[in-house]
Amino acid sequence: MFHPGDELSAFEADMDGAGGVVSFSGYVRPNTKESNVIALELQAYSPLTENGIQAALDRAMKRWPLTGLRVRHRIGRILSGEAIVFVAAASKRRRAAFEAADFVMDYLKTEAVFWKKEITSDGANWIEPRREDYEDQKRWT
Amino acid sequence: MARILFFGRLSELIGFDERELDLPHHVRDTQSLREWLDSEFQTDGELLLSINRIAINAQITQENADLSNADEVAFLPPVGGG
């Protein structure tokens, strides 16, 4: 089972000289405006998915003075209310950790090679990034 | 034989997520592959849309990339996780 709290504890246990840690835990929302969400189904394409995430982490490590950076992302069927993603950044500087975690989440939302299907009480829909997600992502270019 | 993969909603549109196909001689780049598959599987122009990107051997390509009859070619609709 995937527990963001355990991920955070493990990340903090091997923190190396950081002054701060920022983490983000993402969960499957229990409902949309119209219907109840039963689950998300996440597809990936190995090794493209992993390589892309690694390249994004490398970019973040270059851009900010980080002492640690971690991503965990689930695939397959993830039930409503369960955690889907965990991101943590550690740095001597608070702002670097906030920004790096934010950058990695924007990457995951708009560029990471995943396909996401939402299974609701009214049927299933493929979910693609929203315009706001792409706008958020542009802040880093 | 080329190995053709479809992900996300494209696999539902086509009706399968993976198939070995013998590419005709005139299909040796991504544009001709798009046109051939779109007419072969009657996807109504969907496979021609540049929003659906193509990866060759797990590398996302810029249009119009060369390909061979031994490549793994994946059709990737817009991505996003989190």
# chains A, B, ... in the order shown; residues from 1 in each chain; ligands from 1
call {"tool": "interface_residues", "arguments": {"of": "chain A", "to": "chain B", "cutoff": "7 Å", "atoms": "only C-alpha atoms", "output": "PyMOL selection string"}}
result
chain A and resi 26+47-48+84-85+105+108-116+126+128-129
call {"tool": "residues_around", "arguments": {"residues": "Phe16 of chain B", "least_positions_apart": "2", "cutoff": "12 Å", "atoms": "only C-alpha atoms", "output": "PyMOL selection string"}}
result
chain B and resi 4-14+18-20+41
call {"tool": "select_by_dssp", "arguments": {"residues": "segment 12-140 of chain A", "states": "strand (DSSP E or B)", "output": "MDAnalysis selection string"}}
result
chainID A and resid 20:27 31 36:44 66:73 76:79 83:91 114:120 123:127
call {"tool": "atom_distance", "arguments": {"atom1": "atom CA of Asp22 of chain B", "atom2": "atom CA of Arg34 of chain B"}}
result
14.4 Å
call {"tool": "residues_around", "arguments": {"residues": "Leu48 of chain B", "least_positions_apart": "2", "cutoff": "7 Å", "atoms": "only C-alpha atoms", "output": "list in words"}}
result
Arg34, Glu35, Gly45, Glu46 and Ser50 of chain B
call {"tool": "write_last_selection", "arguments": {"atoms": "N, CA and C atoms", "output": "compact mmCIF listing (two decimals), in the first residue's frame"}}
result
# COMPACT_ATOMS: atom_id res chain seq x y z
N ARG B 34 0.53 7.77 -40.18
CA ARG B 34 -0.73 8.37 -39.70
C ARG B 34 -1.82 8.19 -40.75
N GLU B 35 -1.48 8.53 -42.00
CA GLU B 35 -2.48 8.49 -43.07
C GLU B 35 -2.94 7.06 -43.34
N GLY B 45 -9.80 10.80 -39.18
CA GLY B 45 -8.87 11.93 -39.07
C GLY B 45 -8.18 12.04 -37.71
N GLU B 46 -8.64 11.26 -36.75
CA GLU B 46 -8.09 11.39 -35.38
C GLU B 46 -6.59 11.11 -35.34
N SER B 50 -1.93 16.39 -34.80
CA SER B 50 -0.60 16.47 -34.20
C SER B 50 -0.67 16.46 -32.67
call {"tool": "closest_residue", "arguments": {"among": "A:Glu99, A:Ala56, A:Gly20, A:Ile75", "to": "Ala44 of chain A", "atoms": "only C-alpha atoms"}}
result
A:Ile75
call {"tool": "select_by_dssp", "arguments": {"residues": "segment 36-125 of chain A", "states": "helix (DSSP H, G or I)", "output": "MDAnalysis selection string"}}
result
chainID A and resid 48:63 94:110
call {"tool": "write_last_selection", "arguments": {"atoms": "C-alpha atoms", "output": "mmCIF file, in the first residue's frame"}}
result
data_model
loop_
_atom_site.group_PDB
_atom_site.id
_atom_site.type_symbol
_atom_site.label_atom_id
_atom_site.label_comp_id
_atom_site.auth_asym_id
_atom_site.auth_seq_id
_atom_site.Cartn_x
_atom_site.Cartn_y
_atom_site.Cartn_z
ATOM 1 C CA LEU A 48 9.399 6.634 -21.619
ATOM 2 C CA THR A 49 7.438 7.534 -18.473
ATOM 3 C CA GLU A 50 10.342 6.852 -16.089
ATOM 4 C CA ASN A 51 12.928 8.516 -18.335
ATOM 5 C CA GLY A 52 10.790 11.641 -18.657
ATOM 6 C CA ILE A 53 10.322 11.922 -14.898
ATOM 7 C CA GLN A 54 14.045 11.396 -14.330
ATOM 8 C CA ALA A 55 14.853 14.174 -16.841
ATOM 9 C CA ALA A 56 12.449 16.527 -15.023
ATOM 10 C CA LEU A 57 14.122 15.701 -11.691
ATOM 11 C CA ASP A 58 17.535 16.372 -13.249
ATOM 12 C CA ARG A 59 16.306 19.770 -14.485
ATOM 13 C CA ALA A 60 15.039 20.610 -10.995
ATOM 14 C CA MET A 61 18.320 19.531 -9.361
ATOM 15 C CA LYS A 62 20.191 21.836 -11.744
ATOM 16 C CA ARG A 63 17.875 24.768 -11.273
ATOM 17 C CA ARG A 94 12.886 27.100 2.001
ATOM 18 C CA ARG A 95 11.913 28.803 -1.267
ATOM 19 C CA ALA A 96 13.986 26.415 -3.374
ATOM 20 C CA ALA A 97 12.164 23.450 -1.840
ATOM 21 C CA PHE A 98 8.715 25.028 -2.429
ATOM 22 C CA GLU A 99 9.541 25.921 -6.023
ATOM 23 C CA ALA A 100 11.106 22.583 -6.912
ATOM 24 C CA ALA A 101 8.110 20.628 -5.564
ATOM 25 C CA ASP A 102 5.755 22.946 -7.476
ATOM 26 C CA PHE A 103 7.809 22.552 -10.673
ATOM 27 C CA VAL A 104 7.778 18.750 -10.430
ATOM 28 C CA MET A 105 4.006 18.683 -9.860
ATOM 29 C CA ASP A 106 3.447 20.921 -12.903
ATOM 30 C CA TYR A 107 5.617 18.545 -14.921
ATOM 31 C CA LEU A 108 3.607 15.529 -13.714
ATOM 32 C CA LYS A 109 0.288 17.228 -14.526
ATOM 33 C CA THR A 110 1.123 18.280 -18.088
#
call {"tool": "atom_distance", "arguments": {"atom1": "atom CA of Leu47 of chain B", "atom2": "atom CA of Ala39 of chain A"}}
result
28.0 Å
call {"tool": "residues_around", "arguments": {"residues": "Ser91 of chain A", "least_positions_apart": "5", "cutoff": "7 Å", "atoms": "only C-alpha atoms", "output": "short mmCIF file (atom, residue, chain, number, x, y, z; two decimals) with N, CA and C atoms, in the first residue's frame"}}
result
data_model
loop_
_atom_site.label_atom_id
_atom_site.label_comp_id
_atom_site.auth_asym_id
_atom_site.auth_seq_id
_atom_site.Cartn_x
_atom_site.Cartn_y
_atom_site.Cartn_z
N ALA A 18 19.60 19.37 4.92
CA ALA A 18 18.56 20.29 4.46
C ALA A 18 18.07 21.16 5.62
N GLY A 19 17.65 22.37 5.29
CA GLY A 19 17.04 23.23 6.30
C GLY A 19 15.53 23.11 6.25
N GLY A 20 15.02 22.54 5.15
CA GLY A 20 13.57 22.43 5.04
C GLY A 20 13.16 21.39 4.02
N VAL A 21 11.99 20.83 4.26
CA VAL A 21 11.43 19.86 3.33
C VAL A 21 10.02 20.32 2.97
N PRO A 65 19.12 24.75 -5.57
CA PRO A 65 20.11 24.10 -4.70
C PRO A 65 19.45 23.09 -3.76
N LEU A 66 19.14 21.92 -4.30
CA LEU A 66 18.39 20.92 -3.51
C LEU A 66 19.35 19.89 -2.91
N THR A 67 18.97 19.35 -1.77
CA THR A 67 19.75 18.25 -1.20
C THR A 67 19.03 16.92 -1.41
N GLY A 68 17.76 16.98 -1.82
CA GLY A 68 17.03 15.75 -2.10
C GLY A 68 15.75 16.06 -2.86
N ALA A 96 13.54 27.38 -2.36
CA ALA A 96 13.99 26.42 -3.37
C ALA A 96 13.18 25.13 -3.26
N ALA A 97 12.92 24.69 -2.03
CA ALA A 97 12.16 23.45 -1.84
C ALA A 97 10.71 23.61 -2.31
#
call {"tool": "residues_around", "arguments": {"residues": "segment 6-13 of chain A", "least_positions_apart": "5", "cutoff": "8 Å", "atoms": "only C-alpha atoms", "output": "PDB file with C-alpha atoms, in the first residue's frame"}}
result
ATOM      1  CA  VAL A  21      11.426  19.858   3.329  1.00  0.00           C
ATOM      2  CA  SER A  23       6.096  17.696   0.192  1.00  0.00           C
ATOM      3  CA  ARG A  70      11.701  12.370  -4.709  1.00  0.00           C
ATOM      4  CA  PHE A  86       3.924  11.986  -3.668  1.00  0.00           C
ATOM      5  CA  ALA A  88       9.146  15.907  -1.824  1.00  0.00           C
TER       6      ALA A  88
END
call {"tool": "closest_residue", "arguments": {"among": "A:Gly17, A:Gly76, A:Gly5, A:Gly81", "to": "Val37 of chain A", "atoms": "only C-alpha atoms"}}
result
A:Gly81
call {"tool": "closest_residue", "arguments": {"among": "A:Glu132, A:Asn36, A:Pro4, A:Asp14", "to": "Val71 of chain A", "atoms": "only C-alpha atoms"}}
result
A:Pro4
call {"tool": "decode", "arguments": {"residues": "segment 51-70 of chain B", "atoms": "N, CA and C atoms", "output": "compact mmCIF listing (two decimals), in the first residue's frame"}}
result
# COMPACT_ATOMS: atom_id res chain seq x y z
N ILE B 51 -1.86 16.72 -32.12
CA ILE B 51 -2.01 16.63 -30.66
C ILE B 51 -1.76 15.20 -30.18
N ASN B 52 -2.02 14.23 -31.06
CA ASN B 52 -1.66 12.84 -30.78
C ASN B 52 -0.24 12.62 -31.28
N ARG B 53 0.71 12.61 -30.36
CA ARG B 53 2.13 12.52 -30.75
C ARG B 53 2.53 11.07 -31.01
N ILE B 54 3.70 10.93 -31.60
CA ILE B 54 4.20 9.60 -31.94
C ILE B 54 5.57 9.40 -31.31
N ALA B 55 5.78 8.23 -30.70
CA ALA B 55 7.11 7.86 -30.21
C ALA B 55 7.60 6.68 -31.03
N ILE B 56 8.86 6.76 -31.44
CA ILE B 56 9.47 5.62 -32.15
C ILE B 56 10.51 5.01 -31.21
N ASN B 57 10.38 3.73 -30.96
CA ASN B 57 11.25 3.03 -30.02
C ASN B 57 11.40 3.80 -28.71
N ALA B 58 10.25 4.21 -28.17
CA ALA B 58 10.16 4.91 -26.88
C ALA B 58 10.89 6.25 -26.84
N GLN B 59 10.97 6.90 -28.00
CA GLN B 59 11.49 8.29 -28.05
C GLN B 59 10.44 9.12 -28.76
N ILE B 60 9.97 10.19 -28.12
CA ILE B 60 8.98 11.05 -28.77
C ILE B 60 9.64 11.74 -29.96
N THR B 61 8.96 11.72 -31.11
CA THR B 61 9.56 12.26 -32.33
C THR B 61 9.01 13.65 -32.63
N GLN B 62 9.76 14.37 -33.38
CA GLN B 62 9.24 15.58 -34.02
C GLN B 62 8.75 15.12 -35.39
N GLU B 63 7.68 15.72 -35.88
CA GLU B 63 7.21 15.35 -37.22
C GLU B 63 8.21 15.87 -38.23
N ASN B 64 8.43 15.26 -39.31
CA ASN B 64 7.97 13.98 -39.79
C ASN B 64 9.18 13.03 -39.73
N ALA B 65 9.16 12.04 -38.82
CA ALA B 65 10.35 11.23 -38.60
C ALA B 65 10.30 9.95 -39.43
N ASP B 66 11.47 9.49 -39.83
CA ASP B 66 11.57 8.24 -40.59
C ASP B 66 11.32 7.06 -39.66
N LEU B 67 10.77 6.00 -40.22
CA LEU B 67 10.63 4.78 -39.43
C LEU B 67 10.83 3.56 -40.33
N SER B 68 11.07 2.42 -39.67
CA SER B 68 11.28 1.19 -40.43
C SER B 68 10.23 0.16 -40.03
N ASN B 69 10.19 -0.91 -40.80
CA ASN B 69 9.20 -1.96 -40.55
C ASN B 69 9.54 -2.81 -39.33
N ALA B 70 10.62 -2.45 -38.61
CA ALA B 70 10.98 -3.21 -37.40
C ALA B 70 10.83 -2.36 -36.14
